[in-house]
$ cat target_9.tsv   # TSV, C-alpha atoms
chain	number	residue	atom	x	y	z
A	241	MET	CA	-11.33	82.03	-21.31
A	242	ASP	CA	-8.21	83.26	-23.05
A	243	SER	CA	-6.34	83.72	-19.82
A	244	ASN	CA	-7.18	80.11	-18.87
A	245	ARG	CA	-5.71	78.87	-22.12
A	246	LEU	CA	-2.64	81.02	-21.56
A	247	ARG	CA	-2.26	79.63	-18.06
A	248	ASP	CA	-2.48	76.07	-19.42
A	249	VAL	CA	0.30	76.80	-21.87
A	250	ALA	CA	2.40	78.35	-19.11
A	251	HIS	CA	1.84	75.28	-16.89
A	252	TRP	CA	2.79	73.01	-19.79
A	253	LEU	CA	5.98	74.97	-20.48
A	254	CYS	CA	6.89	74.86	-16.80
A	255	GLY	CA	6.39	71.08	-16.81
A	256	ALA	CA	8.58	70.67	-19.90
A	257	ALA	CA	11.24	72.91	-18.33
A	258	ILE	CA	11.24	70.79	-15.16
A	259	LEU	CA	11.78	67.60	-17.19
A	260	LEU	CA	14.59	69.14	-19.24
A	261	GLY	CA	16.16	70.73	-16.18
A	262	CYS	CA	16.19	67.45	-14.24
A	263	GLU	CA	17.68	65.64	-17.24
A	264	ARG	CA	20.45	68.21	-17.64
A	265	LEU	CA	21.17	68.24	-13.92
A	266	GLY	CA	21.28	64.43	-13.78
A	267	ARG	CA	23.60	64.31	-16.76
A	268	ALA	CA	25.87	66.98	-15.28
A	269	ILE	CA	26.12	65.10	-11.97
A	270	SER	CA	26.80	61.81	-13.76
A	271	GLU	CA	29.58	63.40	-15.80
A	272	ALA	CA	31.08	65.46	-12.99
A	273	PHE	CA	31.55	62.43	-10.73
A	274	SER	CA	31.97	60.01	-13.70
A	275	LEU	CA	29.23	57.82	-12.23
A	276	PRO	CA	28.33	54.57	-14.00
A	277	VAL	CA	24.61	55.45	-13.69
A	278	PRO	CA	22.95	57.08	-16.74
A	279	GLY	CA	22.32	60.81	-16.25
A	280	SER	CA	18.65	60.54	-17.21
A	281	VAL	CA	18.06	57.96	-14.46
A	282	LEU	CA	19.66	60.30	-11.92
A	283	GLY	CA	17.37	63.03	-13.26
A	284	MET	CA	14.38	60.77	-12.70
A	285	LEU	CA	15.43	60.06	-9.11
A	286	LEU	CA	15.98	63.79	-8.51
A	287	LEU	CA	12.50	64.55	-9.82
A	288	LEU	CA	10.99	61.75	-7.71
A	289	LEU	CA	12.70	63.15	-4.63
A	290	GLY	CA	11.49	66.65	-5.50
A	291	LEU	CA	7.91	65.45	-5.97
A	292	MET	CA	7.97	63.60	-2.65
A	293	ILE	CA	9.14	66.75	-0.88
A	294	TYR	CA	6.62	68.88	-2.80
A	295	GLY	CA	3.91	66.37	-1.86
A	296	GLY	CA	2.16	66.18	-5.22
A	297	VAL	CA	2.55	66.49	-8.98
A	298	PRO	CA	2.13	69.97	-10.56
A	299	ARG	CA	-0.61	69.93	-13.23
A	300	GLY	CA	1.58	70.99	-16.13
A	301	LEU	CA	4.25	68.42	-15.29
A	302	ALA	CA	1.64	65.66	-15.09
A	303	ARG	CA	0.35	66.60	-18.54
A	304	VAL	CA	3.74	66.81	-20.28
A	305	SER	CA	4.85	63.53	-18.71
A	306	GLU	CA	1.70	61.73	-19.74
A	307	GLN	CA	2.04	62.97	-23.32
A	308	LEU	CA	5.70	62.07	-23.52
A	309	LEU	CA	5.17	58.58	-22.08
A	310	ARG	CA	2.29	57.94	-24.48
A	311	LEU	CA	4.73	58.60	-27.34
A	312	LEU	CA	7.41	56.37	-25.83
A	313	ALA	CA	7.25	53.78	-28.62
A	314	LEU	CA	7.78	56.58	-31.16
A	315	LEU	CA	10.87	57.80	-29.32
A	316	PHE	CA	12.68	54.47	-29.43
A	317	LEU	CA	11.45	53.53	-32.90
A	318	PRO	CA	14.74	54.54	-34.63
A	319	ALA	CA	16.72	52.28	-32.26
A	320	ALA	CA	14.26	49.40	-32.73
A	321	VAL	CA	14.46	49.61	-36.54
A	322	GLY	CA	18.17	48.78	-36.20
A	323	VAL	CA	17.18	45.20	-35.37
A	324	PHE	CA	16.65	44.61	-39.08
A	325	TYR	CA	20.25	45.65	-39.76
A	326	LEU	CA	21.99	43.29	-37.34
A	327	ARG	CA	24.37	41.24	-39.45
A	328	ASP	CA	27.20	40.16	-37.16
A	329	LEU	CA	25.26	37.65	-35.05
A	330	SER	CA	25.80	33.92	-35.57
A	331	LEU	CA	23.02	31.32	-35.56
A	332	GLN	CA	24.25	30.23	-32.14
A	333	ASP	CA	23.82	33.80	-30.88
A	334	TRP	CA	20.27	33.94	-32.21
A	335	LEU	CA	19.34	30.62	-30.59
A	336	ALA	CA	20.86	31.71	-27.29
A	337	LEU	CA	18.96	35.01	-27.51
A	338	LEU	CA	15.68	33.29	-28.22
A	339	ALA	CA	16.10	30.84	-25.33
A	340	ALA	CA	17.27	33.53	-22.92
A	341	THR	CA	14.39	35.88	-23.69
A	342	VAL	CA	11.58	33.30	-23.82
A	343	VAL	CA	12.66	30.79	-21.15
A	344	GLY	CA	14.52	33.36	-19.04
A	345	THR	CA	11.64	35.85	-18.95
A	346	LEU	CA	9.02	33.25	-18.06
A	347	LEU	CA	11.30	31.69	-15.44
A	348	SER	CA	12.11	34.97	-13.68
A	349	LEU	CA	8.48	36.10	-13.95
A	350	THR	CA	7.31	32.88	-12.27
A	351	LEU	CA	9.95	33.12	-9.54
A	352	CYS	CA	9.01	36.76	-8.80
A	353	ALA	CA	5.32	35.89	-8.60
A	354	LEU	CA	5.86	32.86	-6.32
A	355	LEU	CA	8.15	34.90	-4.07
A	356	LEU	CA	5.75	37.83	-3.74
A	357	ALA	CA	2.72	35.56	-3.24
A	358	LYS	CA	4.52	33.80	-0.40
A	359	PHE	CA	5.66	37.09	1.22
A	360	LEU	CA	2.21	38.65	0.95
A	361	LYS	CA	0.61	35.61	2.58
A	362	ARG	CA	3.07	35.88	5.46
A	363	ALA	CA	2.57	39.66	5.79
A	364	ASP	CA	-1.22	39.30	5.69
A	365	GLY	CA	-0.95	36.56	8.32
A	366	GLU	CA	1.04	38.87	10.61
A	367	GLY	CA	-1.52	41.61	10.05
A	368	GLY	CA	-4.31	39.20	11.02
A	369	ARG	CA	-2.69	38.33	14.35
A	370	ASP	CA	-2.35	41.97	15.43
B	1	MET	CA	15.59	64.64	-53.87
B	2	THR	CA	17.97	62.19	-52.19
B	3	GLU	CA	19.01	64.97	-49.84
B	4	LEU	CA	15.42	65.38	-48.73
B	5	LEU	CA	15.06	61.62	-48.18
B	6	HIS	CA	18.09	61.65	-45.89
B	7	SER	CA	16.97	64.68	-43.86
B	8	PRO	CA	14.80	64.99	-40.74
B	9	LEU	CA	12.10	66.49	-42.98
B	10	PHE	CA	11.53	62.99	-44.32
B	11	ALA	CA	12.61	60.85	-41.35
B	12	LEU	CA	10.40	62.51	-38.72
B	13	PRO	CA	7.10	62.28	-40.69
B	14	LEU	CA	8.06	58.71	-41.64
B	15	ASN	CA	8.52	57.82	-37.96
B	16	LEU	CA	5.27	59.53	-36.98
B	17	CYS	CA	3.21	57.84	-39.72
B	18	ALA	CA	4.71	54.42	-38.97
B	19	PHE	CA	4.05	54.92	-35.25
B	20	LEU	CA	0.39	55.88	-35.85
B	21	ALA	CA	-0.04	52.90	-38.19
B	22	GLY	CA	1.58	50.65	-35.58
B	23	VAL	CA	-0.84	51.91	-32.91
B	24	ALA	CA	-3.80	51.37	-35.27
B	25	ILE	CA	-2.69	47.80	-36.07
B	26	TYR	CA	-2.21	47.07	-32.35
B	27	ARG	CA	-5.65	48.43	-31.41
B	28	ARG	CA	-7.36	46.45	-34.16
B	29	SER	CA	-5.58	43.18	-33.37
B	30	GLY	CA	-5.98	43.46	-29.60
B	31	THR	CA	-2.94	41.25	-28.91
B	32	ALA	CA	0.34	42.23	-27.27
B	33	LEU	CA	2.10	40.24	-30.01
B	34	LEU	CA	1.51	43.23	-32.29
B	35	HIS	CA	2.79	45.92	-29.91
B	36	PRO	CA	2.87	49.28	-31.82
B	37	ILE	CA	6.66	49.10	-32.10
B	38	VAL	CA	6.44	45.79	-34.02
B	39	GLY	CA	4.27	47.14	-36.83
B	40	ALA	CA	5.98	50.54	-36.85
B	41	SER	CA	9.53	49.17	-37.10
B	42	VAL	CA	8.60	46.76	-39.91
B	43	LEU	CA	7.01	49.64	-41.83
B	44	VAL	CA	10.02	51.94	-41.40
B	45	ALA	CA	12.44	49.16	-42.37
B	46	ALA	CA	10.37	48.44	-45.49
B	47	VAL	CA	10.35	52.11	-46.54
B	48	LEU	CA	14.11	52.45	-45.94
B	49	TRP	CA	14.70	49.33	-48.01
B	50	LEU	CA	12.43	50.47	-50.86
B	51	LEU	CA	14.02	53.93	-51.05
B	52	GLN	CA	17.50	52.52	-50.40
B	53	ILE	CA	18.20	54.84	-47.47
B	54	PRO	CA	21.10	53.60	-45.31
B	55	TYR	CA	20.17	52.96	-41.67
B	56	GLY	CA	22.89	55.31	-40.41
B	57	ASP	CA	21.44	58.25	-42.35
B	58	TYR	CA	17.93	57.55	-41.09
B	59	GLN	CA	19.21	57.21	-37.54
B	60	GLN	CA	21.01	60.53	-37.73
B	61	ALA	CA	17.96	62.24	-39.24
B	62	SER	CA	15.85	60.95	-36.32
B	63	GLY	CA	18.08	62.71	-33.79
B	64	LEU	CA	15.20	64.70	-32.30
B	65	LEU	CA	13.52	61.49	-31.10
B	66	TYR	CA	16.75	60.26	-29.49
B	67	ALA	CA	17.07	63.63	-27.75
B	68	LEU	CA	13.60	63.20	-26.20
B	69	LEU	CA	14.44	59.78	-24.70
B	70	GLY	CA	16.26	61.40	-21.77
B	71	PRO	CA	13.34	63.65	-20.72
B	72	ALA	CA	11.04	60.60	-21.15
B	73	VAL	CA	13.11	58.69	-18.58
B	74	VAL	CA	12.79	61.65	-16.19
B	75	ALA	CA	9.02	61.70	-16.85
B	76	LEU	CA	8.80	58.15	-15.45
B	77	ALA	CA	9.13	59.74	-12.01
B	78	VAL	CA	5.55	61.07	-12.29
B	79	PRO	CA	3.64	57.73	-12.46
B	80	LEU	CA	6.14	56.42	-9.93
B	81	LYS	CA	5.24	59.18	-7.46
B	82	GLN	CA	1.53	58.58	-8.06
B	83	ASN	CA	1.88	54.86	-7.28
B	84	LEU	CA	4.37	55.11	-4.45
B	85	ALA	CA	1.61	55.07	-1.81
B	86	ILE	CA	1.07	51.39	-2.70
B	87	ILE	CA	4.49	50.53	-1.29
B	88	ARG	CA	3.49	51.96	2.05
B	89	ARG	CA	0.39	49.76	2.10
B	90	ALA	CA	1.90	46.48	0.90
B	91	GLY	CA	5.27	47.17	2.54
B	92	TRP	CA	8.33	44.96	2.75
B	93	PRO	CA	7.17	42.05	0.52
B	94	LEU	CA	7.23	44.44	-2.45
B	95	ALA	CA	10.67	45.83	-1.61
B	96	VAL	CA	12.23	42.37	-1.20
B	97	THR	CA	10.61	40.98	-4.35
B	98	LEU	CA	11.71	44.04	-6.29
B	99	ALA	CA	15.34	43.64	-5.26
B	100	ALA	CA	15.27	39.89	-5.96
B	101	GLY	CA	13.54	40.40	-9.31
B	102	ALA	CA	15.84	43.17	-10.48
B	103	ILE	CA	18.79	40.80	-9.99
B	104	LEU	CA	17.06	37.58	-11.10
B	105	ALA	CA	15.72	38.80	-14.43
B	106	PRO	CA	19.06	39.74	-16.04
B	107	VAL	CA	21.04	36.96	-14.30
B	108	VAL	CA	18.70	34.14	-15.42
B	109	ALA	CA	18.78	35.40	-19.03
B	110	VAL	CA	22.55	35.92	-19.13
B	111	VAL	CA	23.22	32.48	-17.58
B	112	ILE	CA	20.99	30.75	-20.15
B	113	ALA	CA	22.70	32.59	-23.03
B	114	LEU	CA	26.13	31.86	-21.54
B	115	LEU	CA	25.35	28.13	-21.32
B	116	LEU	CA	24.29	28.18	-24.97
B	117	GLY	CA	27.57	29.85	-25.94
B	118	ALA	CA	26.42	33.35	-26.91
B	119	ALA	CA	29.02	36.03	-27.72
B	120	LYS	CA	29.79	38.90	-25.36
B	121	PRO	CA	27.82	41.63	-27.22
B	122	VAL	CA	24.74	39.45	-26.91
B	123	LEU	CA	25.27	38.98	-23.17
B	124	LEU	CA	25.71	42.72	-22.62
B	125	ALA	CA	22.55	43.54	-24.56
B	126	LEU	CA	20.63	40.87	-22.62
B	127	SER	CA	21.53	42.34	-19.24
B	128	GLY	CA	19.04	45.21	-19.69
B	129	LYS	CA	16.27	43.05	-21.11
B	130	SER	CA	13.62	43.49	-18.44
B	131	ILE	CA	13.74	47.25	-17.94
B	132	THR	CA	11.77	49.85	-19.78
B	133	THR	CA	13.31	50.71	-23.19
B	134	PRO	CA	14.42	54.34	-22.58
B	135	ILE	CA	16.31	53.34	-19.42
B	136	ALA	CA	17.68	50.24	-21.17
B	137	LEU	CA	18.99	52.41	-24.02
B	138	ALA	CA	20.60	54.89	-21.62
B	139	LEU	CA	22.15	51.96	-19.77
B	140	ALA	CA	23.34	50.35	-23.01
B	141	GLU	CA	25.28	53.52	-23.73
B	142	LYS	CA	26.96	53.31	-20.31
B	143	ILE	CA	27.90	49.62	-20.48
B	144	HIS	CA	28.74	49.79	-24.23
B	145	ALA	CA	26.04	47.43	-25.43
B	146	ALA	CA	24.61	47.70	-28.95
B	147	GLN	CA	21.57	50.00	-28.86
B	148	SER	CA	19.58	48.28	-31.59
B	149	LEU	CA	20.11	44.80	-30.21
B	150	THR	CA	19.14	46.05	-26.75
B	151	ALA	CA	15.96	47.71	-28.06
B	152	GLY	CA	14.98	44.56	-29.93
B	153	ILE	CA	15.58	42.29	-26.94
B	154	VAL	CA	13.71	44.59	-24.55
B	155	VAL	CA	10.64	44.80	-26.79
B	156	PHE	CA	10.64	41.05	-27.43
B	157	THR	CA	10.99	40.32	-23.71
B	158	GLY	CA	8.05	42.59	-22.93
B	159	VAL	CA	5.90	40.89	-25.56
B	160	VAL	CA	6.78	37.38	-24.29
B	161	GLY	CA	5.99	38.34	-20.68
B	162	ALA	CA	2.77	40.17	-21.53
B	163	VAL	CA	1.43	37.37	-23.74
B	164	ALA	CA	2.50	34.27	-21.80
B	165	GLY	CA	2.80	35.65	-18.25
B	166	PRO	CA	-0.87	35.94	-17.19
B	167	PRO	CA	-1.94	32.45	-18.44
B	168	LEU	CA	1.22	30.91	-16.95
B	169	LEU	CA	0.56	32.40	-13.50
B	170	ALA	CA	-3.12	31.41	-13.70
B	171	ARG	CA	-1.99	27.82	-14.29
B	172	LEU	CA	0.22	28.08	-11.18
B	173	ASN	CA	-2.90	29.09	-9.26
B	174	ILE	CA	-1.76	32.68	-8.67
B	175	HIS	CA	-4.80	34.93	-9.03
B	176	ASP	CA	-3.82	37.88	-6.82
B	177	HIS	CA	-3.81	40.92	-9.10
B	178	ARG	CA	-1.15	42.59	-6.96
B	179	VAL	CA	1.24	39.66	-7.57
B	180	LEU	CA	0.43	39.41	-11.27
B	181	GLY	CA	0.92	43.15	-11.83
B	182	PHE	CA	4.15	43.35	-9.87
B	183	ALA	CA	5.68	40.33	-11.66
B	184	LEU	CA	4.67	41.78	-15.04
B	185	GLY	CA	6.17	45.20	-14.20
B	186	ILE	CA	9.50	43.73	-13.11
B	187	ASN	CA	9.88	41.31	-16.01
B	188	ALA	CA	7.95	42.79	-18.90
B	189	HIS	CA	8.24	46.59	-18.28
B	190	ALA	CA	5.90	48.86	-20.29
B	191	VAL	CA	4.43	46.12	-22.49
B	192	GLY	CA	3.57	44.11	-19.39
B	193	THR	CA	2.20	47.22	-17.68
B	194	ALA	CA	-0.13	47.89	-20.62
B	195	ARG	CA	-1.36	44.28	-20.37
B	196	ALA	CA	-1.77	44.63	-16.58
B	197	LEU	CA	-3.92	47.74	-17.05
B	198	GLU	CA	-6.26	45.66	-19.22
B	199	ILE	CA	-6.61	43.11	-16.41
B	200	SER	CA	-7.50	45.63	-13.67
B	201	ALA	CA	-6.56	49.09	-12.37
B	202	LEU	CA	-4.96	47.51	-9.26
B	203	CYS	CA	-2.91	45.17	-11.44
B	204	GLY	CA	-1.84	48.12	-13.61
B	205	ALA	CA	-0.79	50.29	-10.66
B	206	PHE	CA	1.39	47.50	-9.24
B	207	ALA	CA	2.94	46.94	-12.67
B	208	ALA	CA	3.68	50.65	-13.21
B	209	LEU	CA	5.28	50.88	-9.79
B	210	ALA	CA	7.39	47.76	-10.34
B	211	MET	CA	8.47	48.92	-13.80
B	212	GLY	CA	9.69	52.32	-12.59
B	213	LEU	CA	11.46	51.06	-9.48
B	214	CYS	CA	13.00	48.06	-11.26
B	215	GLY	CA	14.30	50.30	-14.04
B	216	ALA	CA	15.91	52.69	-11.57
B	217	LEU	CA	17.34	49.90	-9.41
B	218	THR	CA	18.80	48.04	-12.39
B	219	ALA	CA	20.36	51.22	-13.73
B	220	LEU	CA	22.03	51.73	-10.32
B	221	LEU	CA	23.14	48.09	-9.81
B	222	LEU	CA	24.07	46.79	-13.25
B	223	PRO	CA	27.01	49.14	-13.97
B	224	LEU	CA	28.44	48.19	-10.57
B	225	MET	CA	28.02	44.46	-11.27
B	226	LEU	CA	29.69	44.80	-14.66
B	227	ALA	CA	32.56	46.97	-13.40
B	228	PRO	CA	35.88	45.13	-13.70
$ encode --input "target_9.tsv" --output "structure tokens"
Amino acid sequence: MDSNRLRDVAHWLCGAAILLGCERLGRAISEAFSLPVPGSVLGMLLLLLGLMIYGGVPRGLARVSEQLLRLLALLFLPAAVGVFYLRDLSLQDWLALLAATVVGTLLSLTLCALLLAKFLKRADGEGGRD
Amino acid sequence: MTELLHSPLFALPLNLCAFLAGVAIYRRSGTALLHPIVGASVLVAAVLWLLQIPYGDYQQASGLLYALLGPAVVALAVPLKQNLAIIRRAGWPLAVTLAAGAILAPVVAVVIALLLGAAKPVLLALSGKSITTPIALALAEKIHAAQSLTAGIVVFTGVVGAVAGPPLLARLNIHDHRVLGFALGINAHAVGTARALEISALCGAFAALAMGLCGALTALLLPLMLAP
């Protein structure tokens, strides 16, 4: 019973260490080669590559990741609060922002959906002929 | 007393309480319009205003949360790995749509804002609008866009896509859950993925996959596109 609990904690710590390690490594690579890509994104790609080679997701890593991603909104809350302190935008900027986010998002969403629907129909058609 | 108000000892519990309240409001309302971040950020802003705490002090005191954003981006690799098998089944249509969508989403938004005469900081912040917030924030740092503006735009974009996307596509006679999920993941990131999960598990898996891949692809492409 106790040893199970201890093992869970050890798995969890291992998972957390993997996440931190990948982040640090990604950041170090990004800085060393002065890449334009954020270090954390490189870390994510490294981890993805590692998981594909490993052929699965270790239990502890799965748990830490799930917990962290469930708290995502909490993590970027301080940045989001800053929206209420934006003062240097003109009315024109606000209108442009509103149009770009509402019209732009719905337009690109529709285009993506139409494109994929068309491709899938073609791919399914090819599959049917085989 | 004021020292306490400006320290992490006050800022972290404030963030946590506001977040929990935001989640509770979201669950009770059942609409993506009240995404947890909407309620939570209004609450925090109200408390800061009441206690007259400058935003900079609060931001600094919340450093721990900022520090966890990086590991959270890395953690995105886990759901990505779990959903990657889908790509093998649905194949090239997904890959092509992903590449097209990752370019379309920022370009369409930036062109609209450019036509309406928006200033450069606005255009920069808009370029990361469709990718998940932690990646967008990391990217904002790289391309020197304002973090707060970026966070606001990203959340708002997600809410617009999650609320209006499904009915819009239904009107266009698109009922394939794979298509709906993938389009939501590319254009409305985590907010859209949460909405997709409510529609069906298949829809949610496609959205999660699209969100992760689109975030990574945009982070790789955008700095190159913006390079002088």
$ closest_residue --input "target_9.tsv" --among "B:Ala208, B:Leu43, B:Ile103, B:Ala201" --to "Met225 of chain B" --atoms "all atoms listed in the file"
B:Ile103
$ residues_near_point --input "target_9.tsv" --point "(19.7, 60.3, -19.2)" --cutoff "9 Å" --atoms "all atoms listed in the file" --output "list of chain:residue names"
A:Glu263, A:Arg264, A:Gly266, A:Arg267, A:Val277, A:Pro278, A:Gly279, A:Ser280, A:Val281, A:Leu282, A:Gly283, A:Met284, B:Leu69, B:Gly70, B:Pro71, B:Ala72, B:Val73, B:Val74, B:Pro134, B:Ile135, B:Ala138, B:Leu139
$ atom_distance --input "target_9.tsv" --atom1 "atom CA of Leu326 of chain A" --atom2 "atom CA of Ala145 of chain B"
13.2 Å
$ interface_residues --input "target_9.tsv" --of "chain A" --to "chain B" --cutoff "6 Å" --atoms "only C-alpha atoms" --output "ChimeraX atom specification"
/A:259-260,263,276-278,280,283-284,288,305,313-315,318-323,333,336,340-341,344,348-349,352-353,356,359
$ write_last_selection --input "target_9.tsv" --atoms "C-alpha atoms" --output "compact mmCIF listing (two decimals), in the coordinates of the input"
# COMPACT_ATOMS: atom_id res chain seq x y z
CA LEU A 259 11.78 67.60 -17.19
CA LEU A 260 14.59 69.14 -19.24
CA GLU A 263 17.68 65.64 -17.24
CA PRO A 276 28.33 54.57 -14.00
CA VAL A 277 24.61 55.45 -13.69
CA PRO A 278 22.95 57.08 -16.74
CA SER A 280 18.65 60.54 -17.21
CA GLY A 283 17.37 63.03 -13.26
CA MET A 284 14.38 60.77 -12.70
CA LEU A 288 10.99 61.75 -7.71
CA SER A 305 4.85 63.53 -18.71
CA ALA A 313 7.25 53.78 -28.62
CA LEU A 314 7.78 56.58 -31.16
CA LEU A 315 10.87 57.80 -29.32
CA PRO A 318 14.74 54.54 -34.63
CA ALA A 319 16.72 52.28 -32.26
CA ALA A 320 14.26 49.40 -32.73
CA VAL A 321 14.46 49.61 -36.54
CA GLY A 322 18.17 48.78 -36.20
CA VAL A 323 17.18 45.20 -35.37
CA ASP A 333 23.82 33.80 -30.88
CA ALA A 336 20.86 31.71 -27.29
CA ALA A 340 17.27 33.53 -22.92
CA THR A 341 14.39 35.88 -23.69
CA GLY A 344 14.52 33.36 -19.04
CA SER A 348 12.11 34.97 -13.68
CA LEU A 349 8.48 36.10 -13.95
CA CYS A 352 9.01 36.76 -8.80
CA ALA A 353 5.32 35.89 -8.60
CA LEU A 356 5.75 37.83 -3.74
CA PHE A 359 5.66 37.09 1.22
$ atom_distance --input "target_9.tsv" --atom1 "atom CA of Gly39 of chain B" --atom2 "atom CA of Ala24 of chain B"
9.2 Å
$ atom_distance --input "target_9.tsv" --atom1 "atom CA of Pro298 of chain A" --atom2 "atom CA of Arg310 of chain A"
18.4 Å
$ decode --input "target_9.tsv" --residues "segment 94-111 of chain B" --atoms "N, CA and C atoms" --output "compact mmCIF listing (two decimals), in the first residue's frame"
# COMPACT_ATOMS: atom_id res chain seq x y z
N LEU B 94 -5.15 15.60 -43.95
CA LEU B 94 -4.92 16.33 -42.70
C LEU B 94 -3.65 17.17 -42.79
N ALA B 95 -2.59 16.57 -43.31
CA ALA B 95 -1.31 17.28 -43.39
C ALA B 95 -1.43 18.53 -44.25
N VAL B 96 -2.09 18.40 -45.42
CA VAL B 96 -2.22 19.54 -46.33
C VAL B 96 -3.09 20.63 -45.69
N THR B 97 -4.21 20.23 -45.11
CA THR B 97 -5.11 21.20 -44.48
C THR B 97 -4.40 21.92 -43.33
N LEU B 98 -3.62 21.16 -42.58
CA LEU B 98 -2.90 21.74 -41.46
C LEU B 98 -1.94 22.84 -41.93
N ALA B 99 -1.17 22.52 -42.96
CA ALA B 99 -0.21 23.51 -43.48
C ALA B 99 -0.95 24.72 -44.01
N ALA B 100 -2.02 24.49 -44.78
CA ALA B 100 -2.79 25.61 -45.34
C ALA B 100 -3.40 26.43 -44.21
N GLY B 101 -3.97 25.77 -43.22
CA GLY B 101 -4.63 26.47 -42.12
C GLY B 101 -3.67 27.27 -41.27
N ALA B 102 -2.49 26.69 -41.01
CA ALA B 102 -1.51 27.39 -40.17
C ALA B 102 -1.07 28.69 -40.83
N ILE B 103 -1.08 28.73 -42.16
CA ILE B 103 -0.71 29.96 -42.87
C ILE B 103 -1.92 30.88 -43.03
N LEU B 104 -3.07 30.28 -43.39
CA LEU B 104 -4.28 31.07 -43.63
C LEU B 104 -4.73 31.87 -42.41
N ALA B 105 -4.79 31.19 -41.25
CA ALA B 105 -5.39 31.83 -40.07
C ALA B 105 -4.71 33.16 -39.73
N PRO B 106 -3.37 33.20 -39.58
CA PRO B 106 -2.77 34.50 -39.28
C PRO B 106 -2.83 35.48 -40.46
N VAL B 107 -2.64 34.97 -41.68
CA VAL B 107 -2.60 35.86 -42.85
C VAL B 107 -3.94 36.57 -43.04
N VAL B 108 -5.05 35.82 -42.99
CA VAL B 108 -6.37 36.42 -43.17
C VAL B 108 -6.59 37.53 -42.14
N ALA B 109 -6.25 37.24 -40.87
CA ALA B 109 -6.47 38.22 -39.80
C ALA B 109 -5.60 39.46 -40.00
N VAL B 110 -4.32 39.24 -40.32
CA VAL B 110 -3.41 40.38 -40.47
C VAL B 110 -3.82 41.23 -41.66
N VAL B 111 -4.25 40.59 -42.78
CA VAL B 111 -4.66 41.35 -43.96
C VAL B 111 -5.89 42.21 -43.64
